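Asker: I am attaching a structure below and will ask some questions about it afterwards.
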Amino acid sequence: MTALAIVSAFSASPTVHAENVKVAFIDPLSGSFAPVGQNILKSWQYIADMANKEKWAGNHTFEIVGFDNKGSPQESLTVLKAAIDQGYRYIIQGNGSGVGLAILDAVNKHNERNPGKEVVYLNYAAVDPDLTNSKCSFWHFRFDANSDMKMEAMTSLMEKDQNIKKAYIIGQNYAFGHQVAKAAKDYLKRKRADVQIVGDDLHPIGQVKDFAPYVAKIKASGADTVITGNWGADLALLIKAAKEAGLTANFYTYYAGTTGVPTAMGAAGEGRVKTVSYWNPNGPGATGQAIVEGFKKKYNDDYSVMATYTGVAMLSKAFKDANSTDPLKVARAMEGMKVQSLNGEVEMRKSDHQLQQPLYITTWTKVNGKDVKYDQENTGYGWKTDRKVDTYIASQPSSCQMKRPD
């Protein structure tokens with residue numbers, strides 16, 4: 001081949017420049033929810049490092065940088081603007097649907113006003129159903145199951161437990177807490193109309209330091225079951241107060257596996273605290289043990305937010321499929337995408353950008369080296385799988401009417 005032919009051949013081949021894609025993680029890194037935020041930031045960074053080493057995105061690499069929003073929607077908007085001004089085109093957030101709704105609105109407005117400089121919002125844990133229903137957006141992708149999906153899974157187990165007679169609902173007073181309370185009442189009415197709702201409390205998020213008065217009300221109600229969407233310190237302190245008051249009711253939770261809660265439960269939660277999640281490293285068919293062990297070795301902390309793995313895997317595949325890191329092209333590539341995650345094959349549903357995945361109902365159980373191999377927070381207790389809820393059961397219809405860019 002002549003020199004001219006070689007030059008021509010190279011000229012005809014598209015050149016893809018390797019990029020270091022900076023991603024802004026916007027969540028609480030100070031205050032009462034800081035332990036949760038710090039753990040999840042490390043989880044994203046750990047998986048990003050793995051993806052970089054193993055070239056999941058080809059020659060593109062990830063750099064995930066933490067921005068502290070102090071758990072505030074208002075602060076989040078200030079931080080979001082600063083990140084965009086610094087050139088960040090990908091935003092990660094999850095702790096709090098109130099924050100999520102504010103970020104989504106701001107991202108939509110920014111993208112409308114700044115064509116060619118769009119931003120994509122990757123949501124790993126803000127689970128208000130509205131985010132993929134009435135407020136769905138082309139620029140938003142949710143990697144967690146929404147609260148209705150989780151309640152569907154949770155009540156699929158509750159409906160078979162005839163010991164449940166009286167249920168008490170308690171949650172944080174913001175969008176997500178309201179959605180959990182509504183779903184609990186609606187789903188129990190449909191599946192177990194005989195169960196009596198004996199209480200329905202909402203409390204300020206991140207402000208209650210002593211849950212003893214709430215626990216006293218739960219005890220007085222005669223509830224045998226507590227349903228709560230609380231997370232972080234709000235759940236840890238609720239469980240602690242229940243333990244101190246000798247409350248014997250069973251807890252059905254969304255986030256008992258998050259930082260601080262396992263320590264608060266200890267032995268007192270054995271057999272009585274259940275949680276719904278999208279992955280459990282314990283039990284038959286479990287995967288991801290090497291990540292659990294590697295994360296523990298590096299940080300002396302627990303890897304539990306598996307949405308970080310799914311998020312990086314999908315973003316990596318989108319970079320390769322789109323042959324670009326441009327947010328518009330990447331967002332289009334992620335629509336309808338299927339990848340193999342730690343809980344099996346998952347799909348980013350095109351109609352509303354809600355990830356479709358199996359869910360697990362698990363119970364806090366003493367480590368036995370068999371179906372409970374990994375503990376949390378060095379307590380000697382971990383999660384035993386009661387039931388795997390297949391994707392098609394956990395799936396929910398969507399009212400999303402998505403508007404896509406031309």
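All residue names refer to the structure tokens as shown: chains lettered A, B, ... in order, residues numbered from 1 in each chain, ligands numbered from 1 in order.
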Taking 4 positions as the minimum chain separation for residues in the same chain, which residues sit within 9 Å of stretch 41-45 of chain A when counting only C-alpha atoms? Answer as a list of chain:residue names.
Answerer: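 Contacts, with the query itself left out: A:Phe25, A:Asp27, A:Leu29, A:Val36, A:Gly37, A:Asp49, A:Met50, A:Phe62, A:Glu63, A:Ile64, A:Val65, A:Gly66, A:Phe295, A:Tyr299, A:Asp302, A:Tyr303, A:Ser304, A:Val305, A:Met306, A:Ala307, A:Thr308, A:Tyr309, A:Gly311, A:Val312.
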Asker: Kindly save the residues from that selection, with N, CA and C atoms included, as a compact mmCIF listing (two decimals), in the first residue's frame.
Answerer:
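Listed below is the output, again-v2.txt:
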# COMPACT_ATOMS: atom_id res chain seq x y z
N PHE A 25 -21.20 13.91 41.59
CA PHE A 25 -22.05 13.21 42.57
C PHE A 25 -22.56 14.27 43.55
N ASP A 27 -24.87 14.89 46.62
CA ASP A 27 -25.62 14.27 47.73
C ASP A 27 -25.03 14.74 49.05
N LEU A 29 -22.81 15.09 52.02
CA LEU A 29 -21.47 14.65 52.44
C LEU A 29 -21.12 15.28 53.79
N VAL A 36 -24.16 8.00 54.93
CA VAL A 36 -24.77 7.34 53.77
C VAL A 36 -24.15 7.89 52.49
N GLY A 37 -24.08 9.22 52.39
CA GLY A 37 -23.52 9.85 51.20
C GLY A 37 -22.08 9.45 50.94
N ASP A 49 -13.44 2.94 39.09
CA ASP A 49 -12.04 2.51 39.00
C ASP A 49 -11.95 1.13 38.33
N MET A 50 -12.88 0.24 38.69
CA MET A 50 -12.91 -1.09 38.09
C MET A 50 -13.17 -0.98 36.58
N PHE A 62 -13.69 7.20 33.65
CA PHE A 62 -14.60 7.93 34.52
C PHE A 62 -13.84 8.57 35.68
N GLU A 63 -14.28 9.74 36.05
CA GLU A 63 -13.79 10.39 37.27
C GLU A 63 -15.02 10.93 38.00
N ILE A 64 -15.33 10.36 39.16
CA ILE A 64 -16.53 10.75 39.90
C ILE A 64 -16.14 11.61 41.09
N VAL A 65 -16.68 12.83 41.11
CA VAL A 65 -16.29 13.83 42.10
C VAL A 65 -17.49 14.20 42.97
N GLY A 66 -17.28 14.23 44.30
CA GLY A 66 -18.36 14.53 45.22
C GLY A 66 -18.62 16.02 45.40
N PHE A 295 -14.23 -4.15 48.23
CA PHE A 295 -14.65 -2.88 48.81
C PHE A 295 -14.38 -2.87 50.31
N TYR A 299 -11.94 -0.12 51.98
CA TYR A 299 -12.53 0.96 52.76
C TYR A 299 -12.97 0.55 54.18
N ASP A 302 -19.10 -1.40 53.80
CA ASP A 302 -19.91 -2.38 53.08
C ASP A 302 -20.36 -1.84 51.73
N TYR A 303 -20.21 -2.67 50.69
CA TYR A 303 -20.75 -2.34 49.38
C TYR A 303 -22.16 -2.89 49.30
N SER A 304 -23.15 -2.03 49.21
CA SER A 304 -24.54 -2.50 49.15
C SER A 304 -25.36 -1.79 48.08
N VAL A 305 -24.91 -0.61 47.64
CA VAL A 305 -25.69 0.15 46.65
C VAL A 305 -25.28 -0.30 45.26
N MET A 306 -25.89 -1.41 44.85
CA MET A 306 -25.50 -2.07 43.61
C MET A 306 -25.90 -1.27 42.37
N ALA A 307 -26.78 -0.28 42.53
CA ALA A 307 -27.13 0.59 41.40
C ALA A 307 -25.89 1.28 40.84
N THR A 308 -24.86 1.41 41.66
CA THR A 308 -23.61 2.01 41.18
C THR A 308 -22.99 1.14 40.07
N TYR A 309 -23.09 -0.17 40.23
CA TYR A 309 -22.56 -1.09 39.22
C TYR A 309 -23.37 -0.98 37.93
N GLY A 311 -25.27 1.45 36.94
CA GLY A 311 -25.12 2.77 36.34
C GLY A 311 -23.86 2.90 35.51
N VAL A 312 -22.73 2.45 36.07
CA VAL A 312 -21.46 2.55 35.34
C VAL A 312 -21.46 1.60 34.14
Asker: Going by DSSP on the backbone, which bits of stretch 10-148 of chain A are strand (DSSP E)? Write them as a ChimeraX atom specification, please.
Answerer: /A:20-27,61-68,90-93,120-123,140-142
Asker: Now that the selection is made, can you save its residues with N, CA and C atoms as an mmCIF file, in the first residue's frame?
Answerer:
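Resulting contents of part_10.cif:
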data_model
loop_
_atom_site.group_PDB
_atom_site.id
_atom_site.type_symbol
_atom_site.label_atom_id
_atom_site.label_comp_id
_atom_site.auth_asym_id
_atom_site.auth_seq_id
_atom_site.Cartn_x
_atom_site.Cartn_y
_atom_site.Cartn_z
ATOM 1 N N ASN A 20 -11.647 11.553 29.465
ATOM 2 C CA ASN A 20 -11.863 11.336 30.887
ATOM 3 C C ASN A 20 -13.169 12.049 31.242
ATOM 4 N N VAL A 21 -14.228 11.284 31.437
ATOM 5 C CA VAL A 21 -15.553 11.863 31.656
ATOM 6 C C VAL A 21 -15.746 12.128 33.146
ATOM 7 N N LYS A 22 -15.872 13.403 33.479
ATOM 8 C CA LYS A 22 -16.059 13.790 34.880
ATOM 9 C C LYS A 22 -17.544 13.790 35.206
ATOM 10 N N VAL A 23 -17.874 13.115 36.301
ATOM 11 C CA VAL A 23 -19.264 12.956 36.724
ATOM 12 C C VAL A 23 -19.418 13.572 38.111
ATOM 13 N N ALA A 24 -20.428 14.415 38.284
ATOM 14 C CA ALA A 24 -20.653 15.093 39.569
ATOM 15 C C ALA A 24 -21.638 14.303 40.414
ATOM 16 N N PHE A 25 -21.197 13.907 41.588
ATOM 17 C CA PHE A 25 -22.046 13.212 42.571
ATOM 18 C C PHE A 25 -22.561 14.267 43.546
ATOM 19 N N ILE A 26 -23.869 14.516 43.519
ATOM 20 C CA ILE A 26 -24.463 15.586 44.336
ATOM 21 C C ILE A 26 -25.364 14.956 45.397
ATOM 22 N N ASP A 27 -24.873 14.891 46.624
ATOM 23 C CA ASP A 27 -25.615 14.268 47.727
ATOM 24 C C ASP A 27 -25.025 14.739 49.054
ATOM 25 N N THR A 61 -12.538 6.976 30.193
ATOM 26 C CA THR A 61 -12.438 6.709 31.632
ATOM 27 C C THR A 61 -13.409 7.606 32.401
ATOM 28 N N PHE A 62 -13.686 7.198 33.645
ATOM 29 C CA PHE A 62 -14.600 7.931 34.515
ATOM 30 C C PHE A 62 -13.840 8.567 35.677
ATOM 31 N N GLU A 63 -14.277 9.744 36.046
ATOM 32 C CA GLU A 63 -13.793 10.387 37.266
ATOM 33 C C GLU A 63 -15.023 10.930 38.001
ATOM 34 N N ILE A 64 -15.326 10.363 39.161
ATOM 35 C CA ILE A 64 -16.532 10.747 39.896
ATOM 36 C C ILE A 64 -16.135 11.612 41.092
ATOM 37 N N VAL A 65 -16.683 12.826 41.112
ATOM 38 C CA VAL A 65 -16.287 13.831 42.104
ATOM 39 C C VAL A 65 -17.494 14.202 42.966
ATOM 40 N N GLY A 66 -17.280 14.230 44.295
ATOM 41 C CA GLY A 66 -18.362 14.528 45.221
ATOM 42 C C GLY A 66 -18.616 16.015 45.402
ATOM 43 N N PHE A 67 -19.893 16.386 45.403
ATOM 44 C CA PHE A 67 -20.348 17.748 45.713
ATOM 45 C C PHE A 67 -21.351 17.645 46.861
ATOM 46 N N ASP A 68 -21.137 18.369 47.922
ATOM 47 C CA ASP A 68 -21.991 18.295 49.108
ATOM 48 C C ASP A 68 -23.211 19.202 48.964
ATOM 49 N N TYR A 90 -22.575 15.050 33.265
ATOM 50 C CA TYR A 90 -23.295 13.921 33.873
ATOM 51 C C TYR A 90 -23.410 14.165 35.373
ATOM 52 N N ILE A 91 -24.629 14.028 35.892
ATOM 53 C CA ILE A 91 -24.931 14.300 37.294
ATOM 54 C C ILE A 91 -25.480 13.041 37.933
ATOM 55 N N ILE A 92 -24.954 12.678 39.108
ATOM 56 C CA ILE A 92 -25.475 11.555 39.890
ATOM 57 C C ILE A 92 -26.118 12.112 41.149
ATOM 58 N N GLN A 93 -27.310 11.615 41.478
ATOM 59 C CA GLN A 93 -27.970 11.968 42.749
ATOM 60 C C GLN A 93 -28.914 10.839 43.119
ATOM 61 N N VAL A 120 -27.072 15.041 31.575
ATOM 62 C CA VAL A 120 -27.856 13.841 31.875
ATOM 63 C C VAL A 120 -27.855 13.606 33.380
ATOM 64 N N TYR A 121 -29.025 13.276 33.920
ATOM 65 C CA TYR A 121 -29.202 13.036 35.356
ATOM 66 C C TYR A 121 -29.361 11.533 35.601
ATOM 67 N N LEU A 122 -28.395 10.958 36.306
ATOM 68 C CA LEU A 122 -28.404 9.538 36.663
ATOM 69 C C LEU A 122 -28.876 9.410 38.104
ATOM 70 N N ASN A 123 -30.023 8.807 38.296
ATOM 71 C CA ASN A 123 -30.680 8.712 39.594
ATOM 72 C C ASN A 123 -30.550 7.283 40.124
ATOM 73 N N HIS A 140 -33.437 11.995 32.264
ATOM 74 C CA HIS A 140 -33.382 11.346 33.578
ATOM 75 C C HIS A 140 -33.457 9.834 33.423
ATOM 76 N N PHE A 141 -32.564 9.120 34.125
ATOM 77 C CA PHE A 141 -32.551 7.653 34.118
ATOM 78 C C PHE A 141 -32.495 7.165 35.561
ATOM 79 N N ARG A 142 -33.447 6.289 35.924
ATOM 80 C CA ARG A 142 -33.469 5.786 37.310
ATOM 81 C C ARG A 142 -32.988 4.334 37.346
#
Asker: Work out how far atom CA of A:Tyr124 is from atom CA of A:Val372, in Å to one decimal.
Answerer: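 Value for the atom CA of A:Val372-atom CA of A:Tyr124 distance: 25.5 Å.
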Asker: I'd like the contact shell of stretch 314-320 of chain A - 9 Å cut-off, only C-alpha atoms, skipping same-chain residues fewer than 5 positions apart - returned as number ranges by chain.
Answerer: A: 51, 55-58, 60-61, 309, 325-326, 329-334, 337-339, 348
Asker: According to DSSP computed on the backbone, where in stretch 137-216 of chain A is there alpha helix (DSSP H)? Give the residues as a PyMOL selection string.
Answerer: chain A and resi 147-158+175-191+212-216
Asker: Please provide the set of residues having any atom within 9 Å of A:Lys403, restricted to only C-alpha atoms, with same-chain residues fewer than 3 positions apart removed, written as a list in words.
Answerer: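 The neighbour list is Cys136, Ser137 and Phe138 of chain A.
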Asker: If we count only C-alpha atoms, what is near A:Tyr174 at a cut-off of 10 Å, once residues fewer than 6 positions away on the same chain are taken out, given as an NGL selection string?
Answerer: :A and (96-98 or 128 or 202-205)
Asker: I'd like the neighbourhood of A:Ala264 as JSON, numbers by chain, where a residue qualifies if any of its atoms comes within 12 Å (using only C-alpha atoms), though same-chain residues fewer than 6 positions away should be ignored.
Answerer: {"A": [232, 233, 234, 235, 236, 237, 238, 239, 240, 241, 242, 243, 244, 256, 257, 258, 270, 273, 376, 377, 378, 379, 381]}
Asker: What's the separation between atom CA of A:Asn133 and atom CA of A:Arg192, in Å to one decimal place?
Answerer: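 Distance between the two atoms: 26.2 Å.
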Asker: Point out the residue among A:Val215, A:Ile47, A:Cys400, A:Ala153 with the least atom-to-atom distance to A:Thr362, counting only C-alpha atoms.
Answerer: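 Once distances to A:Thr362 are computed over only C-alpha atoms, the minimum belongs to A:Ala153.
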Asker: Quick one: distance from atom CA of A:Leu359 to atom CA of A:Glu345 in Å, one decimal?
Answerer: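 Separation between atom CA of A:Leu359 and atom CA of A:Glu345: 12.3 Å.
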Asker: Near A:Met151, within 8 Å and counting only C-alpha atoms, which residues show up once chain neighbours fewer than 5 positions away are dropped, as a PyMOL selection string?
Answerer: chain A and resi 180+183-184+187
Asker: Based on the selection just made, write N, CA, C and O atoms of those residues as a compact mmCIF listing (two decimals), in the first residue's frame.
Answerer:
# COMPACT_ATOMS: atom_id res chain seq x y z
N VAL A 180 -44.80 6.34 49.92
CA VAL A 180 -44.74 5.04 50.60
C VAL A 180 -46.02 4.80 51.39
O VAL A 180 -46.61 3.71 51.35
N ALA A 183 -48.90 4.05 48.97
CA ALA A 183 -48.77 2.72 48.36
C ALA A 183 -49.07 1.62 49.38
O ALA A 183 -49.74 0.63 49.06
N ALA A 184 -48.58 1.78 50.62
CA ALA A 184 -48.83 0.77 51.65
C ALA A 184 -50.33 0.58 51.86
O ALA A 184 -50.82 -0.57 51.93
N TYR A 187 -51.99 -0.94 48.51
CA TYR A 187 -51.64 -2.33 48.20
C TYR A 187 -52.17 -3.29 49.25
O TYR A 187 -52.59 -4.40 48.93
